[in-house]
>>> print(open('query07.pdb').read())   # PDB, C-alpha atoms
ATOM      1  CA  ALA L  29     -45.347  21.951  16.336  1.00  0.00           C
ATOM      2  CA  ARG L  30     -41.618  22.442  15.899  1.00  0.00           C
ATOM      3  CA  ARG L  31     -40.945  19.125  17.655  1.00  0.00           C
ATOM      4  CA  ARG L  32     -43.494  17.361  15.438  1.00  0.00           C
ATOM      5  CA  ASN L  33     -41.843  18.755  12.288  1.00  0.00           C
ATOM      6  CA  ARG L  34     -38.419  17.626  13.487  1.00  0.00           C
ATOM      7  CA  ALA L  35     -39.714  14.118  14.203  1.00  0.00           C
ATOM      8  CA  TRP L  36     -41.230  13.984  10.715  1.00  0.00           C
ATOM      9  CA  LEU L  37     -37.929  15.020   9.100  1.00  0.00           C
ATOM     10  CA  ASP L  38     -35.991  12.489  11.175  1.00  0.00           C
ATOM     11  CA  ALA L  39     -38.333   9.761  10.025  1.00  0.00           C
ATOM     12  CA  LEU L  40     -37.595  10.610   6.396  1.00  0.00           C
ATOM     13  CA  ALA L  41     -33.814  10.553   6.862  1.00  0.00           C
ATOM     14  CA  PRO L  42     -32.121   7.266   5.844  1.00  0.00           C
ATOM     15  CA  SER L  43     -30.823   5.191   8.730  1.00  0.00           C
ATOM     16  CA  PRO L  44     -27.118   4.351   8.795  1.00  0.00           C
ATOM     17  CA  ASP L  45     -26.433   0.907   7.323  1.00  0.00           C
ATOM     18  CA  PRO L  46     -23.947  -0.971   9.538  1.00  0.00           C
ATOM     19  CA  ALA L  47     -22.845  -3.021   6.532  1.00  0.00           C
ATOM     20  CA  ARG L  48     -21.665   0.096   4.723  1.00  0.00           C
ATOM     21  CA  PRO L  49     -18.169   1.306   5.762  1.00  0.00           C
ATOM     22  CA  GLU L  50     -19.083   4.911   5.013  1.00  0.00           C
ATOM     23  CA  ASP L  51     -21.991   4.743   7.488  1.00  0.00           C
ATOM     24  CA  LYS L  52     -20.035   2.923  10.188  1.00  0.00           C
ATOM     25  CA  GLY L  53     -17.210   5.390   9.667  1.00  0.00           C
ATOM     26  CA  GLN L  54     -19.459   8.129  11.043  1.00  0.00           C
ATOM     27  CA  ARG L  55     -19.205   6.464  14.462  1.00  0.00           C
ATOM     28  CA  ALA L  56     -15.810   4.768  14.370  1.00  0.00           C
ATOM     29  CA  MET L  57     -12.693   4.850  12.212  1.00  0.00           C
ATOM     30  CA  LEU L  58     -10.981   2.371   9.942  1.00  0.00           C
ATOM     31  CA  ARG L  59      -7.972   0.806  11.648  1.00  0.00           C
ATOM     32  CA  ILE L  60      -4.735  -0.200   9.965  1.00  0.00           C
ATOM     33  CA  TRP L  61      -2.458  -2.366  12.052  1.00  0.00           C
ATOM     34  CA  GLY L  62       1.213  -2.154  11.122  1.00  0.00           C
ATOM     35  CA  ARG L  63       4.422  -0.197  11.558  1.00  0.00           C
ATOM     36  CA  ALA L  64       4.888   2.799   9.303  1.00  0.00           C
ATOM     37  CA  ASN L  65       8.255   1.617   7.913  1.00  0.00           C
ATOM     38  CA  SER L  66       6.770  -1.524   6.345  1.00  0.00           C
ATOM     39  CA  SER L  67       6.510  -1.253   2.565  1.00  0.00           C
ATOM     40  CA  ASN L  68       3.275  -3.241   2.665  1.00  0.00           C
ATOM     41  CA  VAL L  69       1.767  -0.872   5.218  1.00  0.00           C
ATOM     42  CA  MET L  70       2.966   2.124   3.185  1.00  0.00           C
ATOM     43  CA  LYS L  71       0.869   1.032   0.202  1.00  0.00           C
ATOM     44  CA  VAL L  72      -2.302   0.968   2.242  1.00  0.00           C
ATOM     45  CA  LEU L  73      -1.665   4.310   3.927  1.00  0.00           C
ATOM     46  CA  TRP L  74      -0.932   5.938   0.571  1.00  0.00           C
ATOM     47  CA  LEU L  75      -4.163   4.669  -0.968  1.00  0.00           C
ATOM     48  CA  CYS L  76      -6.150   5.897   2.035  1.00  0.00           C
ATOM     49  CA  GLU L  77      -4.677   9.360   1.484  1.00  0.00           C
ATOM     50  CA  GLU L  78      -5.585   9.240  -2.211  1.00  0.00           C
ATOM     51  CA  LEU L  79      -9.168   8.282  -1.376  1.00  0.00           C
ATOM     52  CA  GLY L  80      -9.555  10.738   1.475  1.00  0.00           C
ATOM     53  CA  GLN L  81     -10.241   7.816   3.807  1.00  0.00           C
ATOM     54  CA  PRO L  82      -9.637   8.642   7.481  1.00  0.00           C
ATOM     55  CA  PHE L  83      -7.833   5.928   9.414  1.00  0.00           C
ATOM     56  CA  GLU L  84      -6.179   5.100  12.686  1.00  0.00           C
ATOM     57  CA  ARG L  85      -2.814   3.362  12.355  1.00  0.00           C
ATOM     58  CA  ILE L  86      -1.726   1.128  15.228  1.00  0.00           C
ATOM     59  CA  ASP L  87       1.933   0.142  15.529  1.00  0.00           C
ATOM     60  CA  ALA L  88       2.468  -3.592  15.165  1.00  0.00           C
ATOM     61  CA  GLY L  89       5.226  -5.802  13.803  1.00  0.00           C
ATOM     62  CA  GLY L  90       8.997  -5.535  14.067  1.00  0.00           C
ATOM     63  CA  ALA L  91      10.176  -3.856  17.250  1.00  0.00           C
ATOM     64  CA  PHE L  92       6.558  -3.140  18.241  1.00  0.00           C
ATOM     65  CA  GLY L  93       5.591  -6.797  18.537  1.00  0.00           C
ATOM     66  CA  ARG L  94       1.836  -7.457  18.960  1.00  0.00           C
ATOM     67  CA  THR L  95       1.552  -9.741  15.932  1.00  0.00           C
ATOM     68  CA  ARG L  96       1.883 -12.900  18.062  1.00  0.00           C
ATOM     69  CA  ASP L  97      -0.677 -11.789  20.611  1.00  0.00           C
ATOM     70  CA  PRO L  98      -3.865 -13.880  20.560  1.00  0.00           C
ATOM     71  CA  ASP L  99      -6.117 -10.934  19.703  1.00  0.00           C
ATOM     72  CA  TYR L 100      -3.941 -10.017  16.725  1.00  0.00           C
ATOM     73  CA  LEU L 101      -3.682 -13.617  15.518  1.00  0.00           C
ATOM     74  CA  ALA L 102      -7.472 -13.739  15.561  1.00  0.00           C
ATOM     75  CA  LYS L 103      -7.388 -10.909  13.007  1.00  0.00           C
ATOM     76  CA  ASN L 104      -4.393 -12.163  11.007  1.00  0.00           C
ATOM     77  CA  PRO L 105      -3.160 -15.736  11.597  1.00  0.00           C
ATOM     78  CA  ASN L 106      -0.045 -14.994   9.512  1.00  0.00           C
ATOM     79  CA  ALA L 107       1.280 -12.750  12.314  1.00  0.00           C
ATOM     80  CA  LEU L 108       2.287 -10.181   9.678  1.00  0.00           C
ATOM     81  CA  VAL L 109       1.329  -6.621   8.797  1.00  0.00           C
ATOM     82  CA  PRO L 110      -0.729  -4.896   7.586  1.00  0.00           C
ATOM     83  CA  THR L 111      -4.138  -5.899   8.847  1.00  0.00           C
ATOM     84  CA  LEU L 112      -7.192  -3.805   8.029  1.00  0.00           C
ATOM     85  CA  GLU L 113     -10.006  -3.674  10.564  1.00  0.00           C
ATOM     86  CA  GLU L 114     -13.379  -2.138   9.765  1.00  0.00           C
ATOM     87  CA  PRO L 115     -15.525  -0.575  12.509  1.00  0.00           C
ATOM     88  CA  ASP L 116     -17.962  -3.508  12.282  1.00  0.00           C
ATOM     89  CA  GLY L 117     -15.175  -6.010  13.042  1.00  0.00           C
ATOM     90  CA  PHE L 118     -14.429  -7.171   9.485  1.00  0.00           C
ATOM     91  CA  THR L 119     -10.683  -7.802   9.096  1.00  0.00           C
ATOM     92  CA  LEU L 120      -8.509  -8.340   6.048  1.00  0.00           C
ATOM     93  CA  TRP L 121      -4.862  -9.201   5.461  1.00  0.00           C
ATOM     94  CA  GLU L 122      -2.536  -9.275   2.446  1.00  0.00           C
ATOM     95  CA  SER L 123      -1.613  -5.754   1.412  1.00  0.00           C
ATOM     96  CA  ASN L 124      -2.562  -5.967  -2.260  1.00  0.00           C
ATOM     97  CA  THR L 125      -5.899  -7.548  -1.372  1.00  0.00           C
ATOM     98  CA  ILE L 126      -6.478  -4.658   1.024  1.00  0.00           C
ATOM     99  CA  LEU L 127      -5.757  -2.230  -1.826  1.00  0.00           C
ATOM    100  CA  ARG L 128      -8.348  -3.937  -4.027  1.00  0.00           C
ATOM    101  CA  TYR L 129     -10.909  -3.959  -1.235  1.00  0.00           C
ATOM    102  CA  LEU L 130     -10.474  -0.280  -0.423  1.00  0.00           C
ATOM    103  CA  ALA L 131     -10.677   0.683  -4.094  1.00  0.00           C
ATOM    104  CA  ARG L 132     -13.906  -1.298  -4.494  1.00  0.00           C
ATOM    105  CA  SER L 133     -15.534  -0.150  -1.246  1.00  0.00           C
ATOM    106  CA  ARG L 134     -14.645   3.560  -1.112  1.00  0.00           C
ATOM    107  CA  ALA L 135     -15.730   6.508  -3.189  1.00  0.00           C
ATOM    108  CA  GLY L 136     -13.108   7.379  -5.792  1.00  0.00           C
ATOM    109  CA  GLY L 137     -11.609   3.926  -5.834  1.00  0.00           C
ATOM    110  CA  ALA L 138     -12.653   3.173  -9.415  1.00  0.00           C
ATOM    111  CA  ALA L 139     -10.056   5.657 -10.658  1.00  0.00           C
ATOM    112  CA  PHE L 140      -7.342   3.409  -9.220  1.00  0.00           C
ATOM    113  CA  TYR L 141      -8.922   0.029  -9.974  1.00  0.00           C
ATOM    114  CA  PRO L 142     -11.049   0.044 -13.144  1.00  0.00           C
ATOM    115  CA  ALA L 143     -14.039  -2.236 -13.511  1.00  0.00           C
ATOM    116  CA  ALA L 144     -13.452  -3.214 -17.167  1.00  0.00           C
ATOM    117  CA  PRO L 145     -11.990  -6.752 -17.184  1.00  0.00           C
ATOM    118  CA  ARG L 146      -8.933  -6.052 -19.338  1.00  0.00           C
ATOM    119  CA  ALA L 147      -8.074  -2.785 -17.628  1.00  0.00           C
ATOM    120  CA  ALA L 148      -8.435  -4.435 -14.230  1.00  0.00           C
ATOM    121  CA  ALA L 149      -6.290  -7.382 -15.320  1.00  0.00           C
ATOM    122  CA  ASP L 150      -3.576  -5.012 -16.506  1.00  0.00           C
ATOM    123  CA  VAL L 151      -3.479  -3.438 -13.040  1.00  0.00           C
ATOM    124  CA  GLU L 152      -3.598  -6.795 -11.270  1.00  0.00           C
ATOM    125  CA  ARG L 153      -0.755  -8.399 -13.174  1.00  0.00           C
ATOM    126  CA  TRP L 154       1.642  -5.711 -11.959  1.00  0.00           C
ATOM    127  CA  MET L 155       0.355  -6.130  -8.420  1.00  0.00           C
ATOM    128  CA  ASP L 156       0.910  -9.882  -8.629  1.00  0.00           C
ATOM    129  CA  TRP L 157       4.303  -9.348 -10.277  1.00  0.00           C
ATOM    130  CA  GLN L 158       5.341  -7.202  -7.330  1.00  0.00           C
ATOM    131  CA  THR L 159       4.698 -10.028  -4.877  1.00  0.00           C
ATOM    132  CA  ALA L 160       5.846 -12.898  -7.092  1.00  0.00           C
ATOM    133  CA  SER L 161       8.951 -11.383  -8.714  1.00  0.00           C
ATOM    134  CA  LEU L 162      10.091  -8.040  -7.333  1.00  0.00           C
ATOM    135  CA  ASN L 163       9.579  -8.573  -3.626  1.00  0.00           C
ATOM    136  CA  ALA L 164      12.286 -11.208  -3.036  1.00  0.00           C
ATOM    137  CA  PRO L 165      15.341  -9.477  -4.555  1.00  0.00           C
ATOM    138  CA  MET L 166      14.284  -6.068  -3.243  1.00  0.00           C
ATOM    139  CA  THR L 167      13.877  -7.482   0.261  1.00  0.00           C
ATOM    140  CA  THR L 168      17.378  -8.963   0.167  1.00  0.00           C
ATOM    141  CA  VAL L 169      18.992  -5.731  -1.004  1.00  0.00           C
ATOM    142  CA  PHE L 170      17.005  -3.556   1.387  1.00  0.00           C
ATOM    143  CA  PHE L 171      17.618  -5.720   4.441  1.00  0.00           C
ATOM    144  CA  THR L 172      21.336  -5.896   3.693  1.00  0.00           C
ATOM    145  CA  TYR L 173      21.833  -2.139   3.666  1.00  0.00           C
ATOM    146  CA  VAL L 174      19.199  -1.051   6.181  1.00  0.00           C
ATOM    147  CA  ARG L 175      18.403  -3.787   8.702  1.00  0.00           C
ATOM    148  CA  THR L 176      21.323  -6.222   8.803  1.00  0.00           C
ATOM    149  CA  PRO L 177      24.424  -5.433  10.913  1.00  0.00           C
ATOM    150  CA  GLU L 178      27.439  -5.048   8.619  1.00  0.00           C
ATOM    151  CA  PRO L 179      29.366  -8.088   9.951  1.00  0.00           C
ATOM    152  CA  GLU L 180      26.358 -10.278   9.108  1.00  0.00           C
ATOM    153  CA  ARG L 181      25.823  -9.040   5.559  1.00  0.00           C
ATOM    154  CA  ASP L 182      25.972 -11.601   2.761  1.00  0.00           C
ATOM    155  CA  TRP L 183      27.491  -9.569  -0.064  1.00  0.00           C
ATOM    156  CA  PRO L 184      27.440 -12.268  -2.792  1.00  0.00           C
ATOM    157  CA  ALA L 185      23.744 -12.904  -2.163  1.00  0.00           C
ATOM    158  CA  THR L 186      23.088  -9.169  -2.116  1.00  0.00           C
ATOM    159  CA  GLU L 187      24.843  -8.589  -5.424  1.00  0.00           C
ATOM    160  CA  LYS L 188      22.898 -11.450  -6.996  1.00  0.00           C
ATOM    161  CA  ALA L 189      19.671  -9.890  -5.731  1.00  0.00           C
ATOM    162  CA  ARG L 190      20.714  -6.440  -6.946  1.00  0.00           C
ATOM    163  CA  VAL L 191      21.298  -7.762 -10.469  1.00  0.00           C
ATOM    164  CA  ALA L 192      17.936  -9.522 -10.416  1.00  0.00           C
ATOM    165  CA  ALA L 193      16.167  -6.392  -9.174  1.00  0.00           C
ATOM    166  CA  GLU L 194      17.871  -4.238 -11.805  1.00  0.00           C
ATOM    167  CA  HIS L 195      16.592  -6.566 -14.524  1.00  0.00           C
ATOM    168  CA  LEU L 196      13.075  -6.275 -13.123  1.00  0.00           C
ATOM    169  CA  TRP L 197      13.199  -2.491 -12.825  1.00  0.00           C
ATOM    170  CA  ALA L 198      14.350  -2.353 -16.437  1.00  0.00           C
ATOM    171  CA  MET L 199      11.044  -4.043 -17.322  1.00  0.00           C
ATOM    172  CA  VAL L 200       9.203  -1.252 -15.519  1.00  0.00           C
ATOM    173  CA  ASP L 201      11.337   1.379 -17.250  1.00  0.00           C
ATOM    174  CA  ALA L 202      10.422  -0.146 -20.612  1.00  0.00           C
ATOM    175  CA  ARG L 203       6.758  -0.205 -19.660  1.00  0.00           C
ATOM    176  CA  LEU L 204       6.873   3.512 -18.824  1.00  0.00           C
ATOM    177  CA  GLN L 205       8.204   4.559 -22.214  1.00  0.00           C
ATOM    178  CA  GLY L 206       5.714   7.080 -23.580  1.00  0.00           C
ATOM    179  CA  GLN L 207       3.336   7.024 -20.598  1.00  0.00           C
ATOM    180  CA  ASP L 208       3.248   8.661 -17.178  1.00  0.00           C
ATOM    181  CA  PHE L 209       2.181   5.734 -15.028  1.00  0.00           C
ATOM    182  CA  ILE L 210       2.281   1.935 -15.079  1.00  0.00           C
ATOM    183  CA  CYS L 211      -1.119   1.519 -16.731  1.00  0.00           C
ATOM    184  CA  GLY L 212      -1.382   4.745 -18.679  1.00  0.00           C
ATOM    185  CA  ALA L 213      -2.024   8.420 -18.076  1.00  0.00           C
ATOM    186  CA  ALA L 214      -3.184   8.171 -14.453  1.00  0.00           C
ATOM    187  CA  PRO L 215      -1.987   6.244 -11.388  1.00  0.00           C
ATOM    188  CA  THR L 216      -3.643   2.968 -10.431  1.00  0.00           C
ATOM    189  CA  LEU L 217      -3.158   0.302  -7.795  1.00  0.00           C
ATOM    190  CA  ALA L 218      -0.243  -0.927  -9.894  1.00  0.00           C
ATOM    191  CA  ASP L 219       1.686   2.267  -9.111  1.00  0.00           C
ATOM    192  CA  ILE L 220       0.690   2.056  -5.463  1.00  0.00           C
ATOM    193  CA  ALA L 221       1.898  -1.545  -5.159  1.00  0.00           C
ATOM    194  CA  LEU L 222       5.276  -0.758  -6.731  1.00  0.00           C
ATOM    195  CA  GLY L 223       5.831   2.758  -5.389  1.00  0.00           C
ATOM    196  CA  PRO L 224       7.361   1.956  -1.967  1.00  0.00           C
ATOM    197  CA  TYR L 225       9.918  -0.350  -3.594  1.00  0.00           C
ATOM    198  CA  LEU L 226      10.803   2.300  -6.158  1.00  0.00           C
ATOM    199  CA  HIS L 227      11.812   4.741  -3.421  1.00  0.00           C
ATOM    200  CA  ARG L 228      14.054   2.110  -1.869  1.00  0.00           C
ATOM    201  CA  TRP L 229      15.625   1.155  -5.196  1.00  0.00           C
ATOM    202  CA  LEU L 230      16.521   4.739  -6.006  1.00  0.00           C
ATOM    203  CA  SER L 231      17.638   5.633  -2.458  1.00  0.00           C
ATOM    204  CA  LEU L 232      19.868   2.714  -1.490  1.00  0.00           C
ATOM    205  CA  PRO L 233      23.653   3.175  -1.929  1.00  0.00           C
ATOM    206  CA  ILE L 234      23.948   0.695  -4.802  1.00  0.00           C
ATOM    207  CA  ALA L 235      24.965   0.643  -8.450  1.00  0.00           C
ATOM    208  CA  ARG L 236      22.044   1.204 -10.808  1.00  0.00           C
ATOM    209  CA  ALA L 237      21.836   1.307 -14.578  1.00  0.00           C
ATOM    210  CA  PRO L 238      20.397   4.585 -15.921  1.00  0.00           C
ATOM    211  CA  MET L 239      16.637   4.345 -16.327  1.00  0.00           C
ATOM    212  CA  PRO L 240      15.263   7.771 -17.307  1.00  0.00           C
ATOM    213  CA  ALA L 241      11.617   6.716 -17.520  1.00  0.00           C
ATOM    214  CA  LEU L 242      11.826   5.183 -14.050  1.00  0.00           C
ATOM    215  CA  GLN L 243      13.344   8.377 -12.651  1.00  0.00           C
ATOM    216  CA  ALA L 244      10.639  10.488 -14.289  1.00  0.00           C
ATOM    217  CA  TRP L 245       7.947   8.220 -12.836  1.00  0.00           C
ATOM    218  CA  TYR L 246       9.492   8.620  -9.375  1.00  0.00           C
ATOM    219  CA  ALA L 247       9.396  12.411  -9.758  1.00  0.00           C
ATOM    220  CA  ARG L 248       5.701  12.230 -10.667  1.00  0.00           C
ATOM    221  CA  LEU L 249       4.937  10.033  -7.661  1.00  0.00           C
ATOM    222  CA  LEU L 250       6.712  12.455  -5.344  1.00  0.00           C
ATOM    223  CA  GLU L 251       4.240  15.134  -6.426  1.00  0.00           C
ATOM    224  CA  ARG L 252       1.444  13.111  -4.799  1.00  0.00           C
ATOM    225  CA  PRO L 253       1.179  14.062  -1.112  1.00  0.00           C
ATOM    226  CA  GLY L 254       0.271  10.557   0.039  1.00  0.00           C
ATOM    227  CA  TYR L 255       3.323   9.038  -1.603  1.00  0.00           C
ATOM    228  CA  ALA L 256       5.674  11.699  -0.311  1.00  0.00           C
ATOM    229  CA  LYS L 257       4.268  11.369   3.203  1.00  0.00           C
ATOM    230  CA  HIS L 258       4.067   7.597   3.575  1.00  0.00           C
ATOM    231  CA  CYS L 259       6.476   6.045   1.063  1.00  0.00           C
ATOM    232  CA  ALA L 260       9.401   8.409   0.479  1.00  0.00           C
ATOM    233  CA  GLY L 261      10.755   9.092   3.953  1.00  0.00           C
ATOM    234  CA  PRO L 262      13.978   7.893   5.617  1.00  0.00           C
ATOM    235  CA  MET L 263      14.462   4.141   5.381  1.00  0.00           C
ATOM    236  CA  SER L 264      14.502   2.032   8.501  1.00  0.00           C
TER     237      SER L 264
END
>>> encode(input="query07.pdb", output="structure tokens")
Amino acid sequence: ARRRNRAWLDALAPSPDPARPEDKGQRAMLRIWGRANSSNVMKVLWLCEELGQPFERIDAGGAFGRTRDPDYLAKNPNALVPTLEEPDGFTLWESNTILRYLARSRAGGAAFYPAAPRAAADVERWMDWQTASLNAPMTTVFFTYVRTPEPERDWPATEKARVAAEHLWAMVDARLQGQDFICGAAPTLADIALGPYLHRWLSLPIARAPMPALQAWYARLLERPGYAKHCAGPMS
């Protein structure tokens, strides 16, 4: 009788849906391909921490190689990081697209990526601005001080990039006047997209104009365990 009751209860229980990440995640884990010192990987790891999403990170890119291997190129033909891989084989590249996907597919994601069209557009414009405007000058300054041997450093180009980045960060500082985060009182994907670059901007040995609102925002981000763990460590 006990076995019959158990069979009846099992029949009532919903079956795992392989199309749902939360059901597949019971048997296998989300994979994130990419080295931990990549700013684009940092964003994804931070959001996973915010959402309580377990993941396995696999080193790839830079000194770790792997991105030109045929199996990796099948996942990401750009040969860049990060690449997200779901347990069912679905793969996704482009870090900000990965952020949007995770926010839409995981519980708690709506807090970081609102559904209302105007609120979502406000978040997205800062994400797009990061890739279209901020990324280039910040990459030049960061690579000069962290990844380029001193005899090979192009100081005029670096100073030009520093000035451009300072102008852009001043826009963020102005945006933060009177509010805690980029899009209001709570963090969103906009903060997550910009956060890794903020740590670099404030940590590099460069001249910077005073930006109190930017500094206060950085202090608030450091209070978030995922940011402190994945985005605010030593630069390499």
>>> resolve_selection(input="query07.pdb", expression="the PyMOL selection byres ((chain L and resi 67) around 8)", output="JSON list (two decimals) with C-alpha atoms, keeping the file's coordinate frame")
[["chain", "number", "residue", "atom", "x", "y", "z"],
["L", 65, "ASN", "CA", 8.26, 1.62, 7.91],
["L", 66, "SER", "CA", 6.77, -1.52, 6.34],
["L", 68, "ASN", "CA", 3.28, -3.24, 2.66],
["L", 69, "VAL", "CA", 1.77, -0.87, 5.22],
["L", 70, "MET", "CA", 2.97, 2.12, 3.18],
["L", 71, "LYS", "CA", 0.87, 1.03, 0.20],
["L", 224, "PRO", "CA", 7.36, 1.96, -1.97],
["L", 225, "TYR", "CA", 9.92, -0.35, -3.59],
["L", 259, "CYS", "CA", 6.48, 6.04, 1.06]]
>>> atom_distance(input="query07.pdb", atom1="CA of His258 in chain L", atom2="CA of Thr176 in chain L")
22.7 Å
>>> residues_around(input="query07.pdb", residues="Ala193 in chain L", least_positions_apart="2", cutoff="10 Å", atoms="only C-alpha atoms", output="CSV table (one decimal) with C-alpha atoms, keeping the file's coordinate frame")
chain,number,residue,atom,x,y,z
L,161,SER,CA,9.0,-11.4,-8.7
L,162,LEU,CA,10.1,-8.0,-7.3
L,163,ASN,CA,9.6,-8.6,-3.6
L,164,ALA,CA,12.3,-11.2,-3.0
L,165,PRO,CA,15.3,-9.5,-4.6
L,166,MET,CA,14.3,-6.1,-3.2
L,167,THR,CA,13.9,-7.5,0.3
L,168,THR,CA,17.4,-9.0,0.2
L,169,VAL,CA,19.0,-5.7,-1.0
L,187,GLU,CA,24.8,-8.6,-5.4
L,188,LYS,CA,22.9,-11.4,-7.0
L,189,ALA,CA,19.7,-9.9,-5.7
L,190,ARG,CA,20.7,-6.4,-6.9
L,191,VAL,CA,21.3,-7.8,-10.5
L,195,HIS,CA,16.6,-6.6,-14.5
L,196,LEU,CA,13.1,-6.3,-13.1
L,197,TRP,CA,13.2,-2.5,-12.8
L,198,ALA,CA,14.4,-2.4,-16.4
L,199,MET,CA,11.0,-4.0,-17.3
L,229,TRP,CA,15.6,1.2,-5.2
L,236,ARG,CA,22.0,1.2,-10.8
>>> resolve_selection(input="query07.pdb", expression="the PyMOL selection byres ((chain L and resi 103) around 10)", output="PDB file with C-alpha atoms, in the coordinates of the input")
ATOM      1  CA  TRP L  61      -2.458  -2.366  12.052  1.00  0.00           C
ATOM      2  CA  THR L  95       1.552  -9.741  15.932  1.00  0.00           C
ATOM      3  CA  PRO L  98      -3.865 -13.880  20.560  1.00  0.00           C
ATOM      4  CA  ASP L  99      -6.117 -10.934  19.703  1.00  0.00           C
ATOM      5  CA  TYR L 100      -3.941 -10.017  16.725  1.00  0.00           C
ATOM      6  CA  LEU L 101      -3.682 -13.617  15.518  1.00  0.00           C
ATOM      7  CA  ALA L 102      -7.472 -13.739  15.561  1.00  0.00           C
ATOM      8  CA  ASN L 104      -4.393 -12.163  11.007  1.00  0.00           C
ATOM      9  CA  PRO L 105      -3.160 -15.736  11.597  1.00  0.00           C
ATOM     10  CA  ASN L 106      -0.045 -14.994   9.512  1.00  0.00           C
ATOM     11  CA  ALA L 107       1.280 -12.750  12.314  1.00  0.00           C
ATOM     12  CA  THR L 111      -4.138  -5.899   8.847  1.00  0.00           C
ATOM     13  CA  LEU L 112      -7.192  -3.805   8.029  1.00  0.00           C
ATOM     14  CA  GLU L 113     -10.006  -3.674  10.564  1.00  0.00           C
ATOM     15  CA  GLY L 117     -15.175  -6.010  13.042  1.00  0.00           C
ATOM     16  CA  PHE L 118     -14.429  -7.171   9.485  1.00  0.00           C
ATOM     17  CA  THR L 119     -10.683  -7.802   9.096  1.00  0.00           C
ATOM     18  CA  LEU L 120      -8.509  -8.340   6.048  1.00  0.00           C
ATOM     19  CA  TRP L 121      -4.862  -9.201   5.461  1.00  0.00           C
TER      20      TRP L 121
END
>>> atom_distance(input="query07.pdb", atom1="CA of Leu108 in chain L", atom2="CA of Ile126 in chain L")
13.5 Å
>>> resolve_selection(input="query07.pdb", expression="the PyMOL selection byres ((chain L and resi 131) around 10)", output="list in words")
Leu75, Cys76, Leu79, Thr125, Ile126, Leu127, Arg128, Tyr129, Leu130, Arg132, Ser133, Arg134, Ala135, Gly136, Gly137, Ala138, Ala139, Phe140, Tyr141, Pro142, Thr216 and Leu217 of chain L
>>> atom_distance(input="query07.pdb", atom1="CA of Ala221 in chain L", atom2="CA of Arg153 in chain L")
10.9 Å
>>> residues_around(input="query07.pdb", residues="Arg228 in chain L", least_positions_apart="4", cutoff="8 Å", atoms="only C-alpha atoms", output="JSON, numbers by chain")
{"L": [170, 224, 232, 263]}
>>> closest_residue(input="query07.pdb", among="L:Ala148, L:Asp97, L:Ile60, L:Trp74", to="Gly254 in chain L", atoms="only C-alpha atoms")
L:Trp74
>>> closest_residue(input="query07.pdb", among="L:Asp201, L:Val109, L:Ala241, L:Arg59", to="Gln81 in chain L", atoms="all atoms listed in the file")
L:Arg59
>>> closest_residue(input="query07.pdb", among="L:Glu178, L:Asp156, L:Asp208, L:Asp219", to="Glu122 in chain L", atoms="all atoms listed in the file")
L:Asp156
>>> closest_residue(input="query07.pdb", among="L:Pro115, L:Pro253, L:Pro215, L:Gly89", to="Leu58 in chain L", atoms="all atoms listed in the file")
L:Pro115
